[in-house]
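Data from structure-v7.txt: compact mmCIF, C-alpha atoms
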```txt
# COMPACT_ATOMS: atom_id res chain seq x y z
CA MET A 12 -83.76 23.81 8.25
CA ARG A 13 -83.05 21.86 11.44
CA ARG A 14 -85.39 19.12 10.25
CA PHE A 15 -83.64 18.98 6.90
CA LEU A 16 -80.26 18.60 8.62
CA ARG A 17 -81.57 15.85 10.91
CA GLU A 18 -83.24 13.90 8.12
CA ASN A 19 -80.18 14.08 5.84
CA SER A 20 -77.47 13.88 8.47
CA LEU A 21 -75.86 10.70 7.12
CA GLY A 22 -75.25 12.07 3.63
CA LEU A 23 -74.32 15.52 4.92
CA VAL A 24 -71.80 14.21 7.48
CA PHE A 25 -70.12 11.89 4.98
CA GLY A 26 -70.09 14.61 2.31
CA THR A 27 -68.53 17.09 4.75
CA LEU A 28 -65.99 14.56 6.03
CA PHE A 29 -65.06 13.78 2.42
CA LEU A 30 -64.33 17.44 1.67
CA VAL A 31 -62.40 17.95 4.93
CA VAL A 32 -60.26 14.88 4.32
CA LEU A 33 -59.71 15.79 0.64
CA VAL A 34 -58.40 19.20 1.75
CA ALA A 35 -56.19 17.53 4.36
CA GLN A 36 -54.88 15.14 1.70
CA ALA A 37 -54.10 18.14 -0.54
CA PHE A 38 -51.99 19.77 2.18
CA ALA A 39 -50.21 16.53 3.15
CA GLY A 40 -49.60 15.64 -0.50
CA HIS A 41 -48.26 19.16 -1.19
CA ALA A 42 -45.79 18.87 1.70
CA ASP A 43 -44.70 15.41 0.54
CA PHE A 44 -44.30 16.57 -3.07
CA ASN A 45 -42.16 19.53 -1.99
CA GLN A 46 -39.96 17.28 0.15
CA GLN A 47 -39.22 15.26 -2.98
CA GLN A 48 -38.61 18.48 -4.95
CA LEU A 49 -36.01 19.65 -2.43
CA ALA A 50 -34.40 16.20 -2.28
CA SER A 51 -33.83 16.33 -6.05
CA GLY A 52 -32.33 19.84 -5.94
CA MET A 53 -35.43 21.69 -7.10
CA GLU A 54 -37.57 24.49 -5.67
CA PRO A 55 -40.88 23.86 -3.84
CA VAL A 56 -44.07 24.38 -5.88
CA SER A 57 -47.17 26.36 -4.86
CA LEU A 58 -50.27 24.63 -3.54
CA GLY A 59 -52.14 25.67 -6.69
CA ARG A 60 -49.51 24.09 -8.92
CA TYR A 61 -49.63 20.88 -6.86
CA LEU A 62 -53.44 20.71 -7.00
CA THR A 63 -53.31 20.77 -10.81
CA SER A 64 -50.46 18.25 -10.97
CA ALA A 65 -50.73 14.72 -12.31
CA SER A 66 -49.35 13.48 -9.01
CA PHE A 67 -52.34 14.79 -7.01
CA ALA A 68 -54.86 13.67 -9.64
CA ALA A 69 -53.41 10.14 -9.70
CA ASP A 70 -53.38 9.88 -5.90
CA VAL A 71 -57.05 10.96 -5.72
CA ALA A 72 -58.30 8.91 -8.67
CA GLU A 73 -56.60 5.66 -7.66
CA ASN A 74 -58.57 5.63 -4.42
CA TRP A 75 -61.83 6.71 -6.02
CA GLN A 76 -61.75 3.95 -8.63
CA SER A 77 -61.35 1.22 -6.04
CA GLU A 78 -64.18 2.58 -3.90
CA TYR A 79 -66.56 2.69 -6.87
CA LEU A 80 -65.42 -0.79 -7.93
CA GLN A 81 -66.14 -2.04 -4.43
CA PHE A 82 -69.71 -0.71 -4.44
CA PHE A 83 -70.30 -1.76 -8.05
CA LEU A 84 -69.27 -5.36 -7.30
CA TYR A 85 -71.19 -5.42 -4.04
CA ILE A 86 -74.39 -4.15 -5.67
CA ILE A 87 -74.18 -6.60 -8.58
CA LEU A 88 -72.89 -9.71 -6.78
CA THR A 89 -75.45 -9.49 -3.96
CA VAL A 90 -78.17 -9.94 -6.60
CA TRP A 91 -76.93 -13.45 -7.27
CA LEU A 92 -74.78 -14.49 -4.29
CA VAL A 93 -75.87 -14.94 -0.67
CA GLN A 94 -74.12 -15.32 2.67
CA ARG A 95 -76.01 -17.30 5.31
CA GLY A 96 -76.20 -15.31 8.54
CA SER A 97 -75.22 -11.94 7.05
CA PRO A 98 -77.53 -8.92 7.28
CA GLU A 99 -75.83 -7.72 4.07
CA SER A 100 -77.26 -10.68 2.13
CA LYS A 101 -80.65 -11.77 0.88
CA LYS A 102 -82.00 -15.02 2.31
CA PRO A 103 -80.80 -18.21 0.56
CA GLY A 104 -83.28 -19.05 -2.19
CA GLU A 105 -84.06 -15.40 -2.92
CA GLN A 106 -81.21 -14.94 -5.39
CA GLY A 107 -82.00 -13.19 -8.63
CA LEU A 108 -83.78 -10.11 -9.90
CA GLY A 109 -87.05 -10.62 -7.96
CA SER A 110 -90.60 -10.58 -9.29
CA ASP A 111 -92.23 -7.44 -10.70
CA GLU A 112 -94.64 -7.55 -7.77
CA LYS A 113 -91.87 -7.53 -5.20
CA GLN A 114 -89.93 -4.89 -7.14
CA LYS A 115 -93.07 -2.72 -7.55
CA VAL A 116 -92.62 -2.20 -11.28
CA GLY A 117 -95.07 -2.10 -14.22
CA ALA A 118 -98.57 -2.96 -13.11
CA TYR A 119 -97.38 -3.30 -9.50
CA ALA A 120 -95.97 0.23 -9.30
CA THR A 121 -97.63 2.35 -6.60
CA ASP A 122 -98.62 6.02 -6.74
CA GLU A 123 -95.37 6.86 -4.97
CA SER A 124 -93.16 4.82 -7.33
CA PRO A 125 -90.82 6.73 -9.68
CA SER A 126 -92.56 7.24 -13.06
CA TRP A 127 -89.91 5.15 -14.85
CA ALA A 128 -90.85 2.15 -12.64
CA ARG A 129 -94.34 2.34 -14.11
CA ALA A 130 -93.05 2.79 -17.66
CA GLY A 131 -91.88 -0.15 -19.76
CA GLY A 132 -88.89 -0.84 -21.97
CA LEU A 133 -85.64 1.08 -21.79
CA ARG A 134 -86.73 3.52 -19.09
CA ARG A 135 -87.69 0.75 -16.68
CA SER A 136 -84.50 -1.18 -17.49
CA LEU A 137 -82.40 1.91 -16.88
CA LEU A 138 -84.04 2.69 -13.55
CA SER A 139 -83.86 -0.98 -12.54
CA ASN A 140 -80.09 -1.03 -13.06
CA SER A 141 -79.22 2.62 -12.46
CA LEU A 142 -77.35 2.15 -9.18
CA GLY A 143 -74.99 -0.51 -10.50
CA LEU A 144 -74.69 1.27 -13.84
CA VAL A 145 -73.67 4.62 -12.31
CA MET A 146 -71.25 2.98 -9.87
CA GLY A 147 -69.74 1.00 -12.76
CA LEU A 148 -69.41 4.11 -14.94
CA LEU A 149 -67.83 6.08 -12.08
CA PHE A 150 -65.38 3.21 -11.57
CA VAL A 151 -64.40 3.20 -15.26
CA ALA A 152 -64.08 7.03 -15.35
CA SER A 153 -61.97 7.09 -12.17
CA TRP A 154 -59.74 4.24 -13.36
CA LEU A 155 -59.26 5.95 -16.72
CA THR A 156 -58.38 9.18 -14.92
CA GLN A 157 -55.92 7.28 -12.72
CA SER A 158 -54.27 5.76 -15.79
CA ILE A 159 -53.90 9.12 -17.59
CA ALA A 160 -52.75 11.11 -14.54
CA GLY A 161 -50.65 8.17 -13.33
CA ALA A 162 -48.82 7.99 -16.68
CA ALA A 163 -47.98 11.71 -16.48
CA ALA A 164 -46.83 11.44 -12.84
CA TYR A 165 -44.78 8.34 -13.70
CA ASN A 166 -43.15 10.14 -16.61
CA GLU A 167 -42.28 13.11 -14.38
CA GLU A 168 -40.40 10.65 -12.14
CA GLN A 169 -38.80 9.02 -15.18
CA LEU A 170 -37.45 12.40 -16.34
CA ARG A 171 -36.26 13.20 -12.81
CA ASP A 172 -34.23 9.97 -12.95
CA LEU A 173 -32.99 10.76 -16.51
CA GLN A 174 -35.01 7.87 -17.93
CA GLU A 175 -37.18 7.52 -21.02
CA PRO A 176 -40.86 8.50 -20.63
CA VAL A 177 -43.52 5.98 -21.71
CA THR A 178 -46.74 6.31 -23.70
CA TRP A 179 -50.14 5.86 -22.03
CA ALA A 180 -50.48 2.39 -23.60
CA GLN A 181 -47.03 1.40 -22.33
CA TYR A 182 -47.90 2.72 -18.88
CA LEU A 183 -50.84 0.29 -18.71
CA THR A 184 -48.29 -2.55 -18.70
CA GLU A 185 -45.97 -0.90 -16.15
CA PRO A 186 -45.71 -2.32 -12.60
CA ASP A 187 -46.40 1.20 -11.25
CA PHE A 188 -49.94 1.22 -12.73
CA TRP A 189 -50.81 -2.26 -11.47
CA ASN A 190 -49.20 -1.72 -8.08
CA ARG A 191 -51.29 1.44 -7.56
CA THR A 192 -54.41 -0.37 -8.80
CA LEU A 193 -54.11 -3.72 -7.04
CA GLN A 194 -53.08 -2.37 -3.63
CA ASN A 195 -56.38 -0.47 -3.59
CA TRP A 196 -58.47 -3.36 -4.89
CA GLN A 197 -57.18 -5.83 -2.31
CA SER A 198 -57.97 -3.49 0.59
CA GLU A 199 -61.52 -2.84 -0.65
CA LEU A 200 -62.20 -6.55 -1.16
CA LEU A 201 -60.85 -7.32 2.32
CA ALA A 202 -63.13 -4.67 3.81
CA VAL A 203 -66.22 -6.11 2.07
CA ALA A 204 -65.36 -9.71 2.97
CA SER A 205 -64.79 -8.62 6.60
CA MET A 206 -68.17 -6.86 6.71
CA VAL A 207 -70.02 -9.82 5.20
CA ILE A 208 -68.42 -12.40 7.52
CA LEU A 209 -68.08 -10.41 10.77
CA SER A 210 -71.70 -9.22 10.61
CA ILE A 211 -72.79 -12.86 10.96
CA TYR A 212 -71.40 -13.06 14.49
CA LEU A 213 -70.99 -9.47 15.67
CA ARG A 214 -73.65 -6.81 16.34
CA GLN A 215 -73.86 -3.03 16.48
CA ARG A 216 -76.96 -2.05 18.35
CA GLY A 217 -79.06 0.46 16.40
CA SER A 218 -77.16 0.17 13.14
CA PRO A 219 -79.04 -0.97 10.00
CA GLU A 220 -75.78 -2.56 8.90
CA SER A 221 -76.13 -5.04 11.78
CA LYS A 222 -78.68 -7.61 12.79
CA PRO A 223 -80.68 -6.87 15.97
CA VAL A 224 -78.49 -7.80 18.94
CA GLY A 225 -80.64 -10.79 19.88
CA SER A 226 -80.97 -12.24 16.38
CA PRO A 227 -79.48 -15.71 15.95
CA HIS A 228 -76.19 -15.98 14.06
CA ALA A 229 -77.93 -17.99 11.34
CA ALA A 230 -80.54 -15.29 10.61
CA THR A 231 -79.93 -13.90 7.12
CA GLY A 232 -81.05 -10.59 5.62
CA VAL A 233 -82.34 -9.21 8.91
CA GLU A 234 -81.42 -5.61 9.57
CA GLY A 235 -81.54 -4.06 13.03
CA MET B 7 -76.16 11.57 -4.73
CA GLN B 8 -76.67 13.25 -8.13
CA ARG B 9 -74.98 16.41 -6.83
CA LEU B 10 -72.02 14.35 -5.55
CA VAL B 11 -71.63 12.65 -8.93
CA ARG B 12 -71.82 16.04 -10.72
CA ARG B 13 -69.19 17.54 -8.42
CA ALA B 14 -66.86 14.53 -8.79
CA THR B 15 -67.16 14.67 -12.59
CA LEU B 16 -66.56 18.44 -12.57
CA LEU B 17 -63.48 18.06 -10.35
CA ILE B 18 -61.96 15.37 -12.60
CA THR B 19 -62.65 17.46 -15.71
CA MET B 20 -61.12 20.57 -14.12
CA LEU B 21 -58.01 18.67 -13.08
CA LEU B 22 -57.56 17.25 -16.57
CA LEU B 23 -58.14 20.59 -18.29
CA ALA B 24 -55.83 22.44 -15.92
CA GLY B 25 -53.14 19.83 -16.49
CA CYS B 26 -53.42 19.94 -20.29
CA SER B 27 -54.10 23.62 -21.04
CA SER B 28 -50.58 25.01 -20.89
CA VAL B 29 -48.59 21.99 -22.10
CA GLU B 30 -47.89 23.52 -25.53
CA GLN B 31 -46.66 26.82 -24.07
CA ARG B 32 -44.50 25.05 -21.54
CA SER B 33 -42.93 22.67 -24.05
CA GLY B 34 -42.10 25.65 -26.30
CA ALA B 35 -40.36 27.41 -23.41
CA ALA B 36 -38.45 24.25 -22.44
CA GLU B 37 -37.23 23.72 -26.02
CA GLU B 38 -36.19 27.38 -26.28
CA THR B 39 -34.11 27.08 -23.07
CA ALA B 40 -32.44 23.84 -24.21
CA ARG B 41 -31.69 25.38 -27.62
CA ARG B 42 -30.26 28.54 -26.04
CA PHE B 43 -28.07 26.45 -23.71
CA LEU B 44 -26.61 24.19 -26.42
CA GLN B 45 -26.08 27.09 -28.83
CA ALA B 46 -24.23 29.12 -26.16
CA ALA B 47 -22.06 26.15 -25.11
CA ALA B 48 -21.23 25.28 -28.75
CA ASN B 49 -20.41 28.94 -29.53
CA GLY B 50 -18.02 29.10 -26.58
CA ASP B 51 -20.28 31.48 -24.61
CA GLY B 52 -19.88 29.59 -21.33
CA GLN B 53 -21.35 32.39 -19.22
CA ALA B 54 -24.65 32.31 -21.12
CA ALA B 55 -24.74 28.50 -20.98
CA CYS B 56 -24.10 28.41 -17.22
CA GLY B 57 -26.84 31.04 -16.77
CA VAL B 58 -29.53 28.45 -17.60
CA LEU B 59 -28.05 25.49 -15.69
CA ALA B 60 -29.84 24.14 -12.61
CA PRO B 61 -27.84 24.96 -9.43
CA SER B 62 -27.12 21.31 -8.63
CA THR B 63 -25.86 20.75 -12.20
CA GLU B 64 -23.74 23.89 -12.23
CA ALA B 65 -22.13 22.69 -8.99
CA GLU B 66 -20.87 19.57 -10.78
CA ILE B 67 -19.10 21.46 -13.61
CA ASP B 68 -15.37 22.01 -13.21
CA ALA B 69 -14.86 25.58 -11.95
CA PRO B 70 -15.11 28.11 -13.33
CA CYS B 71 -18.40 26.96 -14.91
CA ALA B 72 -18.05 29.27 -17.93
CA GLU B 73 -14.87 27.43 -18.95
CA GLY B 74 -15.85 23.98 -17.76
CA ILE B 75 -19.10 23.88 -19.75
CA VAL B 76 -17.30 24.82 -22.99
CA ASP B 77 -14.78 22.01 -22.38
CA GLU B 78 -17.67 19.50 -22.47
CA ALA B 79 -17.74 20.04 -26.28
CA LEU B 80 -21.54 19.96 -26.59
CA THR B 81 -22.92 20.07 -30.14
CA ALA B 82 -25.11 22.89 -31.46
CA PRO B 83 -28.85 22.06 -31.51
CA SER B 84 -30.43 20.70 -34.69
CA ASP B 85 -33.34 22.60 -36.26
CA GLN B 86 -35.75 19.80 -35.48
CA ALA B 87 -36.47 18.84 -31.89
CA GLU B 88 -38.98 16.70 -30.03
CA THR B 89 -40.09 17.94 -26.62
CA GLN B 90 -41.96 16.13 -23.87
CA VAL B 91 -43.15 17.93 -20.73
CA TYR B 92 -44.44 16.19 -17.60
CA GLY B 93 -45.15 18.37 -14.56
CA GLN B 94 -41.95 20.02 -13.40
CA ARG B 95 -39.74 18.12 -15.84
CA ALA B 96 -39.04 18.15 -19.58
CA LEU B 97 -36.95 16.31 -22.13
CA VAL B 98 -35.85 17.89 -25.44
CA ARG B 99 -34.46 15.52 -28.06
CA PHE B 100 -32.27 17.06 -30.78
CA ALA B 101 -30.59 15.12 -33.60
CA ASP B 102 -27.29 14.73 -31.72
CA ASP B 103 -28.18 15.40 -28.11
CA THR B 104 -30.89 14.98 -25.51
CA VAL B 105 -31.39 17.63 -22.81
CA PHE B 106 -33.29 17.22 -19.51
CA LEU B 107 -34.81 20.29 -17.85
CA ALA B 108 -36.69 21.22 -14.69
CA VAL B 109 -38.85 24.17 -13.64
CA PHE B 110 -37.38 26.78 -11.30
CA PRO B 111 -38.96 30.03 -10.07
CA ASP B 112 -37.41 31.95 -13.02
CA GLY B 113 -38.35 29.32 -15.62
CA TRP B 114 -36.82 26.21 -17.19
CA ARG B 115 -33.23 25.31 -16.40
CA VAL B 116 -31.03 22.54 -17.79
CA VAL B 117 -30.56 19.59 -15.43
CA ALA B 118 -28.58 17.33 -17.79
CA ALA B 119 -27.21 17.57 -21.33
CA GLY B 120 -25.04 15.60 -23.73
CA CYS B 121 -27.22 12.58 -22.93
CA GLU B 122 -27.18 9.23 -24.73
CA PRO B 123 -29.95 6.65 -24.21
CA ARG B 124 -29.08 3.32 -22.57
CA GLY B 125 -32.31 1.37 -23.00
CA GLU B 126 -34.13 0.85 -19.70
CA ARG B 127 -31.26 2.37 -17.72
CA PRO B 128 -30.88 6.14 -17.10
CA TYR B 129 -29.38 8.25 -19.91
CA ASP B 130 -25.60 8.63 -19.83
CA CYS B 131 -24.99 12.40 -19.69
CA THR B 132 -21.75 14.35 -19.97
CA VAL B 133 -23.34 17.22 -18.00
CA GLN B 134 -25.60 16.38 -15.06
CA GLY B 135 -26.29 17.25 -11.42
CA GLY B 136 -25.10 15.32 -8.40
```
What does this structure look like when you write it as structure tokens?
Amino acid sequence: MRRFLRENSLGLVFGTLFLVVLVAQAFAGHADFNQQQLASGMEPVSLGRYLTSASFAADVAENWQSEYLQFFLYIILTVWLVQRGSPESKKPGEQGLGSDEKQKVGAYATDESPSWARAGGLRRSLLSNSLGLVMGLLFVASWLTQSIAGAAAYNEEQLRDLQEPVTWAQYLTEPDFWNRTLQNWQSELLAVASMVILSIYLRQRGSPESKPVGSPHAATGVEG
Amino acid sequence: MQRLVRRATLLITMLLLAGCSSVEQRSGAAEETARRFLQAAANGDGQAACGVLAPSTEAEIDAPCAEGIVDEALTAPSDQAETQVYGQRALVRFADDTVFLAVFPDGWRVVAAGCEPRGERPYDCTVQGG
């Protein structure tokens, strides 16, 4: 048990932190929602009612979609683009999908390779692109959820202000939808650009996200 | 990773289902309240009409409410109505009137009535809260 915890500590800690912070967001969002209820002359709602509201769903989904977009873009673009000096990048000249030998697929698969790496056709293609594919699908699902929940939350505000509600298609052209979307996208892109550039010159001893402390700034694709 | 994806998908599905499941019931209740309000006001039963007004709306009616609401000369509801419910708010559109409602602990209450659309601007309502 102890060994399991130690060997999976990264995933377990992030998974636990995610749940703790999601619960904290639920309580903070509930308090904020009820403040707005009181300000508009209405009664507070229960936590259960808030957790099933469009407002909570939109707030959660709008952040999820941008995170999955960030990882999807990072996974796909680092196949073809490089950054000299960054441990996050492949070495210049190594762009592309890589040879079967290097990727250990088909005839080069080892005994420990997943069976679909040994197989040909669709199964190998699926496994070869599964990380980007799943991140991309999660991005689309989260963004769709944001748009549906966001439209309902927006319409609740419209009715509070005695204004006409909009359809889902109309909501996709509303500033509210794009403001929610773009403010998340810009922050994720800034974070990735910061990581790629700062990791050229800065180090974090012991972290695989950093180069070894003594590595030259120009060393690319070296993880510590 | 697979478990995380499954849980995320399950959570999204649950949120969507929970949000959609009772919409029909709730829109029926909102329409019934709006209809009851307009019918009472049109019939001169101001006490019944004021009984389903939101507190902040009732506070804006000339006192006593039971007389003030009848003086607003609201029209009786048409047979056909279109209702839209979003969270704690609803809109019921009759042939000659649009009514806005909100959820309170004892059910739907009328927030604004006698409303005319003004394009992108808020509806112009003869009865509404402060």
request  = Find the residues near region 103-112 of chain B: any atom within 10 Å, counting all atoms listed in the file, skip ones fewer than 2 places away on the same chain, and give them as a ChimeraX atom specification.
outcome  = /A:52-56,167,170-174 /B:32,36-37,39-41,43-44,58-61,80-84,87-101,114-123,129,131,133-134
Would you list which chain A residues are within 10 Å of chain B using only C-alpha atoms, as a PDB file with C-alpha atoms, in the frame of the given file?
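Output file selection37.pdb follows:
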```
ATOM      1  CA  GLY A  22     -75.250  12.070   3.630  1.00  0.00           C
ATOM      2  CA  GLY A  26     -70.090  14.610   2.310  1.00  0.00           C
ATOM      3  CA  GLN A  48     -38.610  18.480  -4.950  1.00  0.00           C
ATOM      4  CA  SER A  51     -33.830  16.330  -6.050  1.00  0.00           C
ATOM      5  CA  GLY A  52     -32.330  19.840  -5.940  1.00  0.00           C
ATOM      6  CA  MET A  53     -35.430  21.690  -7.100  1.00  0.00           C
ATOM      7  CA  GLU A  54     -37.570  24.490  -5.670  1.00  0.00           C
ATOM      8  CA  PRO A  55     -40.880  23.860  -3.840  1.00  0.00           C
ATOM      9  CA  VAL A  56     -44.070  24.380  -5.880  1.00  0.00           C
ATOM     10  CA  ARG A  60     -49.510  24.090  -8.920  1.00  0.00           C
ATOM     11  CA  TYR A  61     -49.630  20.880  -6.860  1.00  0.00           C
ATOM     12  CA  LEU A  62     -53.440  20.710  -7.000  1.00  0.00           C
ATOM     13  CA  THR A  63     -53.310  20.770 -10.810  1.00  0.00           C
ATOM     14  CA  SER A  64     -50.460  18.250 -10.970  1.00  0.00           C
ATOM     15  CA  ALA A  65     -50.730  14.720 -12.310  1.00  0.00           C
ATOM     16  CA  SER A  66     -49.350  13.480  -9.010  1.00  0.00           C
ATOM     17  CA  PHE A  67     -52.340  14.790  -7.010  1.00  0.00           C
ATOM     18  CA  ALA A  68     -54.860  13.670  -9.640  1.00  0.00           C
ATOM     19  CA  VAL A  71     -57.050  10.960  -5.720  1.00  0.00           C
ATOM     20  CA  ALA A  72     -58.300   8.910  -8.670  1.00  0.00           C
ATOM     21  CA  TRP A  75     -61.830   6.710  -6.020  1.00  0.00           C
ATOM     22  CA  VAL A 145     -73.670   4.620 -12.310  1.00  0.00           C
ATOM     23  CA  MET A 146     -71.250   2.980  -9.870  1.00  0.00           C
ATOM     24  CA  LEU A 149     -67.830   6.080 -12.080  1.00  0.00           C
ATOM     25  CA  ALA A 152     -64.080   7.030 -15.350  1.00  0.00           C
ATOM     26  CA  SER A 153     -61.970   7.090 -12.170  1.00  0.00           C
ATOM     27  CA  THR A 156     -58.380   9.180 -14.920  1.00  0.00           C
ATOM     28  CA  ILE A 159     -53.900   9.120 -17.590  1.00  0.00           C
ATOM     29  CA  ALA A 160     -52.750  11.110 -14.540  1.00  0.00           C
ATOM     30  CA  ALA A 162     -48.820   7.990 -16.680  1.00  0.00           C
ATOM     31  CA  ALA A 163     -47.980  11.710 -16.480  1.00  0.00           C
ATOM     32  CA  ALA A 164     -46.830  11.440 -12.840  1.00  0.00           C
ATOM     33  CA  TYR A 165     -44.780   8.340 -13.700  1.00  0.00           C
ATOM     34  CA  ASN A 166     -43.150  10.140 -16.610  1.00  0.00           C
ATOM     35  CA  GLU A 167     -42.280  13.110 -14.380  1.00  0.00           C
ATOM     36  CA  GLU A 168     -40.400  10.650 -12.140  1.00  0.00           C
ATOM     37  CA  GLN A 169     -38.800   9.020 -15.180  1.00  0.00           C
ATOM     38  CA  LEU A 170     -37.450  12.400 -16.340  1.00  0.00           C
ATOM     39  CA  ARG A 171     -36.260  13.200 -12.810  1.00  0.00           C
ATOM     40  CA  ASP A 172     -34.230   9.970 -12.950  1.00  0.00           C
ATOM     41  CA  LEU A 173     -32.990  10.760 -16.510  1.00  0.00           C
ATOM     42  CA  GLN A 174     -35.010   7.870 -17.930  1.00  0.00           C
ATOM     43  CA  GLU A 175     -37.180   7.520 -21.020  1.00  0.00           C
ATOM     44  CA  PRO A 176     -40.860   8.500 -20.630  1.00  0.00           C
TER      45      PRO A 176
END
```
Two-atom distance - CA of Gly113 (chain B), CA of Ser33 (chain B) (Å) =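 Here the two named atoms are 11.7 Å from each other.
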request  = Name all residues at most 12 Å from Gln194 (chain A) (count all atoms listed in the file; drop same-chain ones fewer than 5 positions away) and give them as number ranges by chain.
outcome  = A: 73-74, 76-77, 186-189, 199-201
key: Straight-line distance linking CA of Pro98 (chain A) with CA of Gly232 (chain A), stated in Å to one decimal   =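 Computing it gives 4.2 Å between the two atoms.
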ask   = Taking only C-alpha atoms into account, which of A:Gly161, A:Gly104, A:Pro219, A:Gly109 comes nearest Ser139 (chain A)?
value =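 Result for the nearest residue to Ser139 (chain A): A:Gly109.
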query = If you measure from CA of Asn140 (chain A) to CA of Pro223 (chain A), what distance in Å do you get, rounded to one decimal?
reply = 29.6 Å
task = Tell me which of B:Gly34, B:Asp85, B:Glu66, B:Glu78 sits closest to Ala47 (chain B), counting all atoms listed in the file.
result = B:Glu78
Please provide the set of residues having any atom within 12 Å of Leu92 (chain A), restricted to all atoms listed in the file, with same-chain residues fewer than 5 positions apart removed, written as a tab-separated table (two decimals) with C-alpha atoms, in the frame of the given file.
```
chain	number	residue	atom	x	y	z
A	84	LEU	CA	-69.27	-5.36	-7.30
A	85	TYR	CA	-71.19	-5.42	-4.04
A	86	ILE	CA	-74.39	-4.15	-5.67
A	87	ILE	CA	-74.18	-6.60	-8.58
A	97	SER	CA	-75.22	-11.94	7.05
A	99	GLU	CA	-75.83	-7.72	4.07
A	100	SER	CA	-77.26	-10.68	2.13
A	101	LYS	CA	-80.65	-11.77	0.88
A	102	LYS	CA	-82.00	-15.02	2.31
A	103	PRO	CA	-80.80	-18.21	0.56
A	104	GLY	CA	-83.28	-19.05	-2.19
A	105	GLU	CA	-84.06	-15.40	-2.92
A	106	GLN	CA	-81.21	-14.94	-5.39
A	107	GLY	CA	-82.00	-13.19	-8.63
A	108	LEU	CA	-83.78	-10.11	-9.90
A	207	VAL	CA	-70.02	-9.82	5.20
```
Test item: residues at most 10 Å from Tyr119 (chain A), only C-alpha atoms, excluding those fewer than 5 positions along its chain, as a PDB file with C-alpha atoms, in the coordinates of the input:
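As a result, result.pdb now contains:
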```pdb
ATOM      1  CA  SER A 110     -90.600 -10.580  -9.290  1.00  0.00           C
ATOM      2  CA  ASP A 111     -92.230  -7.440 -10.700  1.00  0.00           C
ATOM      3  CA  GLU A 112     -94.640  -7.550  -7.770  1.00  0.00           C
ATOM      4  CA  LYS A 113     -91.870  -7.530  -5.200  1.00  0.00           C
ATOM      5  CA  GLN A 114     -89.930  -4.890  -7.140  1.00  0.00           C
ATOM      6  CA  SER A 124     -93.160   4.820  -7.330  1.00  0.00           C
ATOM      7  CA  ALA A 128     -90.850   2.150 -12.640  1.00  0.00           C
ATOM      8  CA  ARG A 129     -94.340   2.340 -14.110  1.00  0.00           C
TER       9      ARG A 129
END
```
inquiry  = Just want the 10 Å neighbourhood of region 49-52 of chain B, counted on all atoms listed in the file, with same-chain residues fewer than 2 positions away dropped. Output as a ChimeraX atom specification.
reply    = /B:43-47,54-57,70-77,79-82
